[in-house]
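Colleague: I have a structure I would like to understand better, so I am pasting it below and will then ask my questions one at a time.
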There are 2 protein chains.
Amino acid sequence: MAASFTIRPAARADDDAIWAILEPTFRAGETYPIPRDITRAEALDYWHSPGHAVFVAEDGTCIVGSYYLRANNRGGGAHVANCGYMTAQQESGRGVARAMCMHSLDEARRRGFTAVQFNFVIASNERAVRLWRCCGFEIVGTLPQVFAHPRLGLVDAYVMHRIL
Amino acid sequence: MAASFTIRPAARADDDAIWAILEPTFRAGETYPIPRDITRAEALDYWHSPGHAVFVAEDGTCIVGSYYLRANNRGGGAHVANCGYMTAQQESGRGVARAMCMHSLDEARRRGFTAVQFNFVIASNERAVRLWRCCGFEIVGTLPQVFAHPRLGLVDAYVMHRIL
């Protein structure tokens with residue numbers, strides 16, 4: 001049975017816990033197009049960018065994941081949301097990302113978005129691709145060799161999209 | 001025979017001329033996902049965003065187009081460039097956009113990029129789609145109904161890509 005997580009808006013008091021999740025993933029450099037040597041302040045500024053609504057997933061009192069939700073574009077493109085998710089590495093496989101994704105779809109609907117688009121799902125991140133498919137996303141674009149993976153070299157990234 | 005344009009880096013002294021090109025296009029709201037009521041200051045801040053190299057195309061002493069060049073992503077995605085081009089409406093059809101695109105491909109190569117990606121080419125902008133294809137770009141993704149066109153309603157946008 002899937003674990004149950006509480007998902008709530010992040011406060012700046014959560015920054016240490018969020019950074020503890022972001023840091024190993026950004027340092028590994030395998031899943032986000034973010035400099036591997038990014039500082040704590042730069043990473044938190046990015047996660048909390050203007051226009052990002054940031055949430056955390058808690059298991060009891062422990063923060064096990066975080067995501068942001070934003071408009072993917074402005075003007076005529078403002079009806080499509082975009083999200084970024086990250087799960088604490090030691091919590092991998094427990095359903096945190098799935099719970100955050102489901103929460104984000106509801107949250108996006110609630111805010112009036114009519115679709116969600118992921119702009120850069122790295123193809124070698126097979127677990128993520130599989131999960132987003134399970135959450136109703138389709139691959140609508142394949143960006144050839146746009147990501148320099150630290151172990152695999154140049155790999156593709158997908159654009160994934162779902163209607164809400 | 002195609003006209004010949006001089007293309008050079010923009011100076012802030014070109015802001016009036018650039019805004020004269022941006023304003024009618026942003027106000028029309030048919031080709032960029034930018035708010036139609038964007039102010040001059042916001043539009044110029046966007047065009048000159050940090051990390052954007054901005055160029056202008058001149059026909060004699062008259063600025064007839066402008067484009068920006070930037071890295072499309074950071075970290076493992078920093079080898080792919082992104083550009084946005086705009087031609088003065090009264091100069092349409094004279095080859096300004098093609099000249100700027102060719103210039104931008106050279107400029108991107110010179111800066112060490114190995115590919116260029118356009119993230120949001122609105123499908124109803126058929127002239128642009130045709131031109132980018134002529135310039136060697138391929139459609140690598142079709143984003144369904146991601147753009148609210150003021151006359152046509154929801155239309156697709158393309159992701160276009162070419163290797164340098």
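Numbering starts fresh at 1 for the residues of each chain in the structure tokens, the chains themselves are lettered A, B, ... in the order given, and ligands are numbered from 1 as they appear.
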Write down as a PyMOL selection string the residues belonging to range 101-153 of chain B that are assigned strand (DSSP E) by DSSP computed on the backbone.

Modeller: chain B and resi 115-122+138-149+153

Colleague: Do a neighbour search on range 73-76 of chain B at 6 Å with only C-alpha atoms, toss out local chain neighbours closer than 6 positions, and write the hits as a ChimeraX atom specification.

Modeller: /A:33-35,147-148

Colleague: Might you pull out every residue within 10 Å of His161 in chain B, with only C-alpha atoms counted and same-chain residues fewer than 5 positions away left off, and present them as a ChimeraX atom specification?

Modeller: /A:143-144,146 /B:80-82,115-119,132-133,136-141

Colleague: Can you work out which one of B:Pro150, B:Pro24, B:Pro9, B:Gly112 has the shortest atom-to-atom distance to chain A, counting only C-alpha atoms?

Modeller: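 Closest candidate: B:Pro150.
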
Colleague: Please report, as a short mmCIF file (atom, residue, chain, number, x, y, z; two decimals) with all heavy atoms, in the first residue's frame, each residue of chain B to which DSSP assigns helix (DSSP H, G or I) when run on this structure's backbone.

Modeller:
```
data_model
loop_
_atom_site.label_atom_id
_atom_site.label_comp_id
_atom_site.auth_asym_id
_atom_site.auth_seq_id
_atom_site.Cartn_x
_atom_site.Cartn_y
_atom_site.Cartn_z
N ARG B 12 22.28 50.25 -25.43
CA ARG B 12 21.06 50.73 -24.78
C ARG B 12 20.50 51.96 -25.51
O ARG B 12 19.31 52.24 -25.42
CB ARG B 12 21.29 51.02 -23.28
CG ARG B 12 21.59 49.77 -22.43
CD ARG B 12 20.63 48.61 -22.63
NE ARG B 12 19.25 48.86 -22.27
CZ ARG B 12 18.54 48.16 -21.38
NH1 ARG B 12 19.09 47.15 -20.73
NH2 ARG B 12 17.28 48.44 -21.14
N ALA B 13 21.37 52.63 -26.30
CA ALA B 13 20.88 53.75 -27.12
C ALA B 13 19.92 53.28 -28.21
O ALA B 13 19.21 54.10 -28.81
CB ALA B 13 22.07 54.48 -27.75
N ASP B 14 19.88 51.98 -28.47
CA ASP B 14 18.96 51.43 -29.48
C ASP B 14 17.59 51.11 -28.88
O ASP B 14 16.72 50.61 -29.60
CB ASP B 14 19.54 50.14 -30.07
CG ASP B 14 20.88 50.36 -30.76
OD1 ASP B 14 21.02 51.38 -31.46
OD2 ASP B 14 21.78 49.51 -30.59
N ASP B 15 17.41 51.36 -27.59
CA ASP B 15 16.18 50.92 -26.94
C ASP B 15 14.91 51.46 -27.59
O ASP B 15 13.92 50.74 -27.74
CB ASP B 15 16.18 51.28 -25.44
CG ASP B 15 16.90 50.23 -24.60
OD1 ASP B 15 17.40 49.24 -25.17
OD2 ASP B 15 16.94 50.40 -23.36
N ASP B 16 14.94 52.74 -27.99
CA ASP B 16 13.73 53.30 -28.63
C ASP B 16 13.40 52.56 -29.92
O ASP B 16 12.24 52.22 -30.18
CB ASP B 16 13.92 54.80 -28.94
CG ASP B 16 13.80 55.66 -27.68
OD1 ASP B 16 13.24 55.18 -26.67
OD2 ASP B 16 14.29 56.80 -27.72
N ALA B 17 14.44 52.30 -30.70
CA ALA B 17 14.22 51.61 -31.98
C ALA B 17 13.75 50.17 -31.74
O ALA B 17 12.89 49.65 -32.45
CB ALA B 17 15.49 51.62 -32.81
N ILE B 18 14.34 49.52 -30.71
CA ILE B 18 13.93 48.14 -30.41
C ILE B 18 12.48 48.11 -29.93
O ILE B 18 11.67 47.29 -30.37
CB ILE B 18 14.90 47.50 -29.38
CG1 ILE B 18 16.28 47.31 -30.02
CG2 ILE B 18 14.35 46.17 -28.88
CD1 ILE B 18 17.35 46.83 -29.05
N TRP B 19 12.14 49.03 -29.05
CA TRP B 19 10.76 49.07 -28.55
C TRP B 19 9.76 49.34 -29.68
O TRP B 19 8.67 48.78 -29.71
CB TRP B 19 10.63 50.11 -27.43
CG TRP B 19 9.24 50.37 -26.96
CD1 TRP B 19 8.60 51.56 -26.92
CD2 TRP B 19 8.30 49.42 -26.43
NE1 TRP B 19 7.33 51.42 -26.43
CE2 TRP B 19 7.12 50.12 -26.11
CE3 TRP B 19 8.34 48.04 -26.20
CZ2 TRP B 19 5.98 49.49 -25.58
CZ3 TRP B 19 7.22 47.40 -25.68
CH2 TRP B 19 6.06 48.12 -25.38
N ALA B 20 10.17 50.17 -30.64
CA ALA B 20 9.28 50.44 -31.79
C ALA B 20 9.00 49.16 -32.57
O ALA B 20 7.95 49.03 -33.21
CB ALA B 20 9.91 51.49 -32.70
N ILE B 21 9.92 48.21 -32.51
CA ILE B 21 9.72 46.91 -33.19
C ILE B 21 8.93 45.97 -32.28
O ILE B 21 8.00 45.28 -32.73
CB ILE B 21 11.08 46.30 -33.57
CG1 ILE B 21 11.74 47.19 -34.64
CG2 ILE B 21 10.92 44.87 -34.06
CD1 ILE B 21 13.18 46.82 -34.94
N LEU B 22 9.30 45.94 -30.99
CA LEU B 22 8.65 45.00 -30.06
C LEU B 22 7.17 45.35 -29.85
O LEU B 22 6.31 44.46 -29.79
CB LEU B 22 9.34 45.00 -28.69
CG LEU B 22 10.81 44.60 -28.60
CD1 LEU B 22 11.27 44.63 -27.13
CD2 LEU B 22 11.06 43.20 -29.17
N GLU B 23 6.89 46.64 -29.71
CA GLU B 23 5.55 47.04 -29.23
C GLU B 23 4.41 46.49 -30.09
O GLU B 23 3.52 45.84 -29.58
CB GLU B 23 5.44 48.56 -29.07
CG GLU B 23 4.10 48.94 -28.45
CD GLU B 23 3.90 50.43 -28.22
OE1 GLU B 23 4.65 51.23 -28.79
OE2 GLU B 23 2.98 50.78 -27.47
N PRO B 24 4.41 46.74 -31.40
CA PRO B 24 3.26 46.25 -32.17
C PRO B 24 3.14 44.73 -32.15
O PRO B 24 2.02 44.19 -32.16
CB PRO B 24 3.53 46.78 -33.59
CG PRO B 24 4.94 47.23 -33.62
CD PRO B 24 5.35 47.53 -32.22
N THR B 25 4.25 44.04 -32.09
CA THR B 25 4.20 42.57 -32.08
C THR B 25 3.66 42.05 -30.75
O THR B 25 2.81 41.16 -30.72
CB THR B 25 5.60 42.00 -32.37
OG1 THR B 25 6.00 42.46 -33.67
CG2 THR B 25 5.60 40.49 -32.35
N PHE B 26 4.15 42.62 -29.65
CA PHE B 26 3.62 42.20 -28.35
C PHE B 26 2.15 42.61 -28.21
O PHE B 26 1.35 41.86 -27.67
CB PHE B 26 4.46 42.78 -27.20
CG PHE B 26 5.81 42.12 -27.04
CD1 PHE B 26 6.86 42.80 -26.41
CD2 PHE B 26 6.06 40.84 -27.48
CE1 PHE B 26 8.10 42.22 -26.23
CE2 PHE B 26 7.32 40.23 -27.31
CZ PHE B 26 8.33 40.93 -26.68
N ARG B 27 1.79 43.80 -28.67
CA ARG B 27 0.40 44.26 -28.58
C ARG B 27 -0.53 43.34 -29.38
O ARG B 27 -1.65 43.05 -28.97
CB ARG B 27 0.26 45.70 -29.11
CG ARG B 27 0.99 46.74 -28.28
CD ARG B 27 0.23 47.18 -27.06
NE ARG B 27 1.06 48.12 -26.29
CZ ARG B 27 1.82 47.77 -25.24
NH1 ARG B 27 1.87 46.52 -24.80
NH2 ARG B 27 2.54 48.69 -24.59
N ALA B 28 -0.05 42.86 -30.54
CA ALA B 28 -0.86 41.96 -31.36
C ALA B 28 -1.05 40.62 -30.65
O ALA B 28 -2.10 39.97 -30.77
CB ALA B 28 -0.20 41.76 -32.72
N ARG B 40 6.75 49.27 -21.84
CA ARG B 40 8.04 49.45 -22.50
C ARG B 40 9.18 48.93 -21.63
O ARG B 40 10.05 48.20 -22.10
CB ARG B 40 8.23 50.95 -22.81
CG ARG B 40 9.54 51.31 -23.48
CD ARG B 40 9.66 52.84 -23.62
NE ARG B 40 10.81 53.24 -24.42
CZ ARG B 40 12.06 53.29 -23.96
NH1 ARG B 40 12.33 52.97 -22.71
NH2 ARG B 40 13.05 53.67 -24.77
N ALA B 41 9.17 49.32 -20.35
CA ALA B 41 10.28 48.93 -19.46
C ALA B 41 10.33 47.42 -19.28
O ALA B 41 11.39 46.80 -19.32
CB ALA B 41 10.13 49.62 -18.10
N GLU B 42 9.15 46.81 -19.08
CA GLU B 42 9.12 45.35 -18.90
C GLU B 42 9.58 44.63 -20.17
O GLU B 42 10.30 43.63 -20.10
CB GLU B 42 7.69 44.88 -18.56
CG GLU B 42 7.22 45.28 -17.18
CD GLU B 42 5.70 45.12 -17.00
OE1 GLU B 42 4.97 45.03 -18.02
OE2 GLU B 42 5.26 45.09 -15.84
N ALA B 43 9.14 45.14 -21.32
CA ALA B 43 9.50 44.49 -22.59
C ALA B 43 11.01 44.58 -22.83
O ALA B 43 11.64 43.60 -23.23
CB ALA B 43 8.74 45.14 -23.73
N LEU B 44 11.58 45.76 -22.56
CA LEU B 44 13.02 45.91 -22.79
C LEU B 44 13.82 45.11 -21.76
O LEU B 44 14.86 44.55 -22.08
CB LEU B 44 13.40 47.40 -22.77
CG LEU B 44 12.90 48.17 -24.01
CD1 LEU B 44 13.06 49.67 -23.81
CD2 LEU B 44 13.66 47.73 -25.27
N ASP B 45 13.30 45.03 -20.52
CA ASP B 45 13.96 44.18 -19.52
C ASP B 45 13.97 42.72 -19.97
O ASP B 45 14.94 41.99 -19.77
CB ASP B 45 13.24 44.27 -18.16
CG ASP B 45 13.63 45.53 -17.40
OD1 ASP B 45 14.54 46.26 -17.86
OD2 ASP B 45 13.02 45.77 -16.34
N TYR B 46 12.85 42.30 -20.55
CA TYR B 46 12.75 40.92 -21.04
C TYR B 46 13.74 40.71 -22.19
O TYR B 46 14.51 39.73 -22.21
CB TYR B 46 11.32 40.64 -21.48
CG TYR B 46 11.15 39.46 -22.41
CD1 TYR B 46 11.37 38.16 -21.96
CD2 TYR B 46 10.79 39.64 -23.75
CE1 TYR B 46 11.22 37.08 -22.82
CE2 TYR B 46 10.64 38.57 -24.60
CZ TYR B 46 10.86 37.29 -24.14
OH TYR B 46 10.72 36.24 -24.99
N TRP B 47 13.73 41.62 -23.16
CA TRP B 47 14.60 41.46 -24.34
C TRP B 47 16.07 41.46 -23.92
O TRP B 47 16.87 40.69 -24.45
CB TRP B 47 14.29 42.58 -25.35
CG TRP B 47 14.60 42.21 -26.76
CD1 TRP B 47 15.61 42.71 -27.54
CD2 TRP B 47 13.89 41.28 -27.60
NE1 TRP B 47 15.56 42.15 -28.80
CE2 TRP B 47 14.52 41.27 -28.85
CE3 TRP B 47 12.78 40.44 -27.38
CZ2 TRP B 47 14.08 40.46 -29.91
CZ3 TRP B 47 12.34 39.64 -28.43
CH2 TRP B 47 12.99 39.66 -29.67
N GLY B 75 23.96 24.29 -16.60
CA GLY B 75 24.49 22.98 -16.24
C GLY B 75 24.64 22.09 -17.47
O GLY B 75 25.19 22.49 -18.49
N GLY B 76 24.10 20.88 -17.39
CA GLY B 76 24.21 19.92 -18.48
C GLY B 76 23.48 20.31 -19.74
O GLY B 76 23.63 19.65 -20.78
N GLY B 77 22.70 21.39 -19.71
CA GLY B 77 21.98 21.85 -20.89
C GLY B 77 22.56 23.10 -21.52
O GLY B 77 21.97 23.66 -22.46
N GLN B 89 7.41 45.42 -38.48
CA GLN B 89 6.30 44.90 -39.29
C GLN B 89 6.35 45.42 -40.73
O GLN B 89 6.06 44.69 -41.67
CB GLN B 89 4.97 45.23 -38.61
CG GLN B 89 4.81 44.44 -37.31
CD GLN B 89 3.43 44.56 -36.69
OE1 GLN B 89 2.74 45.54 -36.89
NE2 GLN B 89 3.03 43.54 -35.92
N GLN B 90 6.75 46.69 -40.91
CA GLN B 90 6.76 47.25 -42.26
C GLN B 90 7.90 46.69 -43.11
O GLN B 90 7.93 46.94 -44.32
CB GLN B 90 6.82 48.79 -42.20
CG GLN B 90 8.13 49.37 -41.71
CD GLN B 90 8.25 49.40 -40.17
OE1 GLN B 90 7.45 48.79 -39.45
NE2 GLN B 90 9.25 50.10 -39.67
N GLU B 91 8.81 45.92 -42.48
CA GLU B 91 9.94 45.35 -43.23
C GLU B 91 9.70 43.88 -43.55
O GLU B 91 10.57 43.21 -44.12
CB GLU B 91 11.23 45.48 -42.41
CG GLU B 91 11.58 46.89 -41.99
CD GLU B 91 11.96 47.77 -43.18
OE1 GLU B 91 12.39 47.24 -44.21
OE2 GLU B 91 11.81 49.02 -43.05
N VAL B 96 14.81 40.06 -43.45
CA VAL B 96 15.47 40.50 -42.21
C VAL B 96 15.60 39.33 -41.24
O VAL B 96 16.66 39.09 -40.65
CB VAL B 96 14.69 41.64 -41.55
CG1 VAL B 96 15.38 42.08 -40.27
CG2 VAL B 96 14.52 42.84 -42.49
N ALA B 97 14.51 38.58 -41.06
CA ALA B 97 14.53 37.48 -40.09
C ALA B 97 15.53 36.41 -40.52
O ALA B 97 16.27 35.86 -39.70
CB ALA B 97 13.14 36.89 -39.93
N ARG B 98 15.55 36.12 -41.82
CA ARG B 98 16.50 35.12 -42.31
C ARG B 98 17.94 35.58 -42.07
O ARG B 98 18.78 34.80 -41.61
CB ARG B 98 16.28 34.87 -43.80
CG ARG B 98 17.19 33.80 -44.38
CD ARG B 98 17.08 33.75 -45.90
NE ARG B 98 15.74 33.39 -46.31
CZ ARG B 98 15.37 32.17 -46.69
NH1 ARG B 98 16.27 31.18 -46.70
NH2 ARG B 98 14.13 31.92 -47.05
N ALA B 99 18.21 36.86 -42.33
CA ALA B 99 19.57 37.38 -42.11
C ALA B 99 19.94 37.30 -40.63
O ALA B 99 21.06 36.91 -40.27
CB ALA B 99 19.66 38.82 -42.61
N MET B 100 18.98 37.63 -39.76
CA MET B 100 19.26 37.56 -38.32
C MET B 100 19.47 36.11 -37.90
O MET B 100 20.35 35.81 -37.08
CB MET B 100 18.11 38.19 -37.52
CG MET B 100 18.03 39.70 -37.67
SD MET B 100 16.96 40.51 -36.43
CE MET B 100 15.35 39.85 -36.89
N CYS B 101 18.67 35.19 -38.43
CA CYS B 101 18.83 33.78 -38.05
C CYS B 101 20.20 33.28 -38.46
O CYS B 101 20.90 32.64 -37.67
CB CYS B 101 17.71 32.94 -38.67
SG CYS B 101 17.78 31.23 -38.13
N MET B 102 20.61 33.57 -39.70
CA MET B 102 21.93 33.12 -40.16
C MET B 102 23.04 33.71 -39.28
O MET B 102 23.99 33.03 -38.92
CB MET B 102 22.13 33.53 -41.63
CG MET B 102 21.27 32.71 -42.58
SD MET B 102 21.57 30.93 -42.31
CE MET B 102 20.25 30.23 -43.28
N HIS B 103 22.88 34.99 -38.95
CA HIS B 103 23.86 35.64 -38.07
C HIS B 103 23.89 34.95 -36.71
O HIS B 103 24.96 34.69 -36.14
CB HIS B 103 23.48 37.11 -37.92
CG HIS B 103 24.49 37.93 -37.15
ND1 HIS B 103 24.47 38.02 -35.76
CD2 HIS B 103 25.53 38.68 -37.57
CE1 HIS B 103 25.46 38.80 -35.40
NE2 HIS B 103 26.12 39.21 -36.46
N SER B 104 22.73 34.61 -36.20
CA SER B 104 22.66 34.00 -34.86
C SER B 104 23.28 32.61 -34.85
O SER B 104 23.88 32.20 -33.84
CB SER B 104 21.21 33.95 -34.37
OG SER B 104 20.45 33.00 -35.10
N LEU B 105 23.16 31.88 -35.95
CA LEU B 105 23.78 30.54 -35.99
C LEU B 105 25.30 30.67 -35.94
O LEU B 105 25.97 29.93 -35.20
CB LEU B 105 23.34 29.80 -37.26
CG LEU B 105 21.83 29.52 -37.38
CD1 LEU B 105 21.53 28.82 -38.70
CD2 LEU B 105 21.30 28.70 -36.21
N ASP B 106 25.83 31.63 -36.68
CA ASP B 106 27.28 31.87 -36.63
C ASP B 106 27.70 32.32 -35.23
O ASP B 106 28.71 31.88 -34.69
CB ASP B 106 27.68 32.97 -37.63
CG ASP B 106 27.67 32.46 -39.06
OD1 ASP B 106 27.71 31.23 -39.25
OD2 ASP B 106 27.62 33.31 -39.98
N GLU B 107 26.93 33.23 -34.69
CA GLU B 107 27.25 33.78 -33.37
C GLU B 107 27.19 32.67 -32.31
O GLU B 107 28.04 32.60 -31.41
CB GLU B 107 26.25 34.90 -33.05
CG GLU B 107 26.56 35.70 -31.84
CD GLU B 107 27.84 36.52 -31.95
OE1 GLU B 107 28.21 36.96 -33.06
OE2 GLU B 107 28.50 36.70 -30.90
N ALA B 108 26.21 31.81 -32.42
CA ALA B 108 26.09 30.70 -31.45
C ALA B 108 27.28 29.76 -31.57
O ALA B 108 27.87 29.34 -30.55
CB ALA B 108 24.77 29.95 -31.69
N ARG B 109 27.66 29.44 -32.81
CA ARG B 109 28.85 28.59 -33.02
C ARG B 109 30.08 29.23 -32.39
O ARG B 109 30.86 28.58 -31.70
CB ARG B 109 29.10 28.43 -34.53
CG ARG B 109 28.58 27.15 -35.11
CD ARG B 109 28.94 27.03 -36.60
NE ARG B 109 27.78 26.56 -37.33
CZ ARG B 109 27.02 27.33 -38.10
NH1 ARG B 109 27.30 28.61 -38.28
NH2 ARG B 109 25.96 26.81 -38.70
N ARG B 110 30.23 30.53 -32.67
CA ARG B 110 31.40 31.26 -32.18
C ARG B 110 31.49 31.22 -30.66
O ARG B 110 32.57 31.24 -30.07
CB ARG B 110 31.27 32.72 -32.65
CG ARG B 110 32.55 33.49 -32.78
CD ARG B 110 32.29 34.90 -33.30
NE ARG B 110 31.50 35.72 -32.38
CZ ARG B 110 31.94 36.25 -31.24
NH1 ARG B 110 33.18 36.05 -30.87
NH2 ARG B 110 31.14 36.96 -30.49
N GLU B 126 2.85 30.64 -39.65
CA GLU B 126 3.33 29.72 -40.69
C GLU B 126 4.57 30.25 -41.40
O GLU B 126 5.46 29.49 -41.78
CB GLU B 126 2.23 29.45 -41.71
CG GLU B 126 1.09 28.66 -41.09
CD GLU B 126 -0.11 28.51 -42.02
OE1 GLU B 126 0.01 28.86 -43.21
OE2 GLU B 126 -1.16 28.04 -41.55
N ARG B 127 4.62 31.56 -41.56
CA ARG B 127 5.80 32.13 -42.21
C ARG B 127 7.06 31.84 -41.40
O ARG B 127 8.10 31.48 -41.96
CB ARG B 127 5.61 33.65 -42.36
CG ARG B 127 6.86 34.37 -42.78
CD ARG B 127 6.61 35.85 -42.99
NE ARG B 127 5.96 36.09 -44.26
CZ ARG B 127 5.66 37.29 -44.72
NH1 ARG B 127 5.92 38.37 -43.99
NH2 ARG B 127 5.09 37.44 -45.89
N ALA B 128 6.96 31.96 -40.07
CA ALA B 128 8.13 31.68 -39.22
C ALA B 128 8.50 30.20 -39.28
O ALA B 128 9.68 29.85 -39.43
CB ALA B 128 7.85 32.09 -37.77
N VAL B 129 7.50 29.34 -39.21
CA VAL B 129 7.79 27.90 -39.23
C VAL B 129 8.52 27.54 -40.53
O VAL B 129 9.51 26.80 -40.52
CB VAL B 129 6.49 27.08 -39.08
CG1 VAL B 129 6.78 25.58 -39.25
CG2 VAL B 129 5.83 27.36 -37.73
N ARG B 130 8.00 28.09 -41.65
CA ARG B 130 8.61 27.80 -42.95
C ARG B 130 10.05 28.33 -43.00
O ARG B 130 10.96 27.64 -43.46
CB ARG B 130 7.76 28.44 -44.04
CG ARG B 130 7.97 27.89 -45.43
CD ARG B 130 6.80 28.26 -46.35
NE ARG B 130 6.46 29.67 -46.27
CZ ARG B 130 5.24 30.16 -45.99
NH1 ARG B 130 4.22 29.34 -45.76
NH2 ARG B 130 5.03 31.45 -45.94
N LEU B 131 10.24 29.52 -42.47
CA LEU B 131 11.58 30.12 -42.51
C LEU B 131 12.56 29.32 -41.67
O LEU B 131 13.69 29.04 -42.10
CB LEU B 131 11.52 31.58 -42.04
CG LEU B 131 12.86 32.29 -41.93
CD1 LEU B 131 13.61 32.27 -43.26
CD2 LEU B 131 12.67 33.73 -41.45
N TRP B 132 12.14 28.94 -40.47
CA TRP B 132 13.08 28.18 -39.62
C TRP B 132 13.42 26.83 -40.25
O TRP B 132 14.54 26.35 -40.15
CB TRP B 132 12.54 28.01 -38.19
CG TRP B 132 12.14 29.26 -37.47
CD1 TRP B 132 11.12 29.39 -36.56
CD2 TRP B 132 12.73 30.58 -37.56
NE1 TRP B 132 11.04 30.68 -36.12
CE2 TRP B 132 12.00 31.43 -36.71
CE3 TRP B 132 13.79 31.11 -38.29
CZ2 TRP B 132 12.31 32.79 -36.57
CZ3 TRP B 132 14.10 32.46 -38.16
CH2 TRP B 132 13.37 33.28 -37.31
N ARG B 133 12.45 26.23 -40.92
CA ARG B 133 12.76 24.99 -41.64
C ARG B 133 13.81 25.25 -42.71
O ARG B 133 14.76 24.48 -42.87
CB ARG B 133 11.50 24.45 -42.32
CG ARG B 133 10.55 23.70 -41.40
CD ARG B 133 9.46 23.11 -42.31
NE ARG B 133 8.31 22.59 -41.62
CZ ARG B 133 8.24 21.37 -41.10
NH1 ARG B 133 9.27 20.56 -41.15
NH2 ARG B 133 7.11 20.98 -40.50
N CYS B 134 13.64 26.34 -43.46
CA CYS B 134 14.62 26.69 -44.50
C CYS B 134 16.00 26.92 -43.90
O CYS B 134 17.02 26.72 -44.56
CB CYS B 134 14.20 27.95 -45.25
SG CYS B 134 12.80 27.70 -46.31
#
```

Colleague: Using only C-alpha atoms, pick whichever of B:Phe113, B:Phe5, B:Tyr85, B:Tyr32 has the shortest atom-to-atom distance to chain A.

Modeller: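 Using only C-alpha atoms, chain A sits closest to B:Tyr32.
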
Colleague: Separation of CA of His52 in chain A and CA of Arg70 in chain A, in Å?

Modeller: 4.8 Å

Colleague: Mind checking which residues fall within 6 Å of Tyr68 in chain A, counting only C-alpha atoms, ignoring those fewer than 2 positions away in the same chain, and posting them as JSON, numbers by chain?

Modeller: {"A": [52, 53, 54, 83, 84]}

Colleague: Emit the selected residues as a short mmCIF file (atom, residue, chain, number, x, y, z; two decimals), in the first residue's frame, including all heavy atoms.

Modeller:
```cif
data_model
loop_
_atom_site.label_atom_id
_atom_site.label_comp_id
_atom_site.auth_asym_id
_atom_site.auth_seq_id
_atom_site.Cartn_x
_atom_site.Cartn_y
_atom_site.Cartn_z
N HIS A 52 7.02 31.09 -8.53
CA HIS A 52 6.97 29.69 -8.13
C HIS A 52 6.15 29.55 -6.84
O HIS A 52 6.43 30.26 -5.87
CB HIS A 52 8.37 29.14 -7.82
CG HIS A 52 9.22 28.86 -9.02
ND1 HIS A 52 10.24 27.93 -9.01
CD2 HIS A 52 9.19 29.37 -10.28
CE1 HIS A 52 10.81 27.91 -10.21
NE2 HIS A 52 10.21 28.77 -10.98
N ALA A 53 5.18 28.65 -6.81
CA ALA A 53 4.56 28.23 -5.56
C ALA A 53 5.27 26.95 -5.13
O ALA A 53 5.32 25.98 -5.90
CB ALA A 53 3.08 27.97 -5.77
N VAL A 54 5.86 26.97 -3.93
CA VAL A 54 6.68 25.84 -3.49
C VAL A 54 5.95 25.06 -2.40
O VAL A 54 5.36 25.65 -1.48
CB VAL A 54 8.06 26.33 -2.98
CG1 VAL A 54 8.90 25.16 -2.49
CG2 VAL A 54 8.79 27.10 -4.08
N CYS A 83 6.00 22.26 -13.51
CA CYS A 83 6.40 21.88 -12.14
C CYS A 83 7.79 21.26 -12.18
O CYS A 83 8.21 20.70 -13.19
CB CYS A 83 5.46 20.83 -11.57
SG CYS A 83 3.75 21.35 -11.44
N GLY A 84 8.46 21.35 -11.04
CA GLY A 84 9.69 20.59 -10.80
C GLY A 84 9.57 19.91 -9.46
O GLY A 84 9.11 20.53 -8.49
#
```

Colleague: Counting only C-alpha atoms, which residue out of A:Ala11, A:Leu164, A:Ile63, A:Leu154 sits closest to chain B?

Modeller: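 Checking each candidate against chain B, we get A:Leu154 as the closest.
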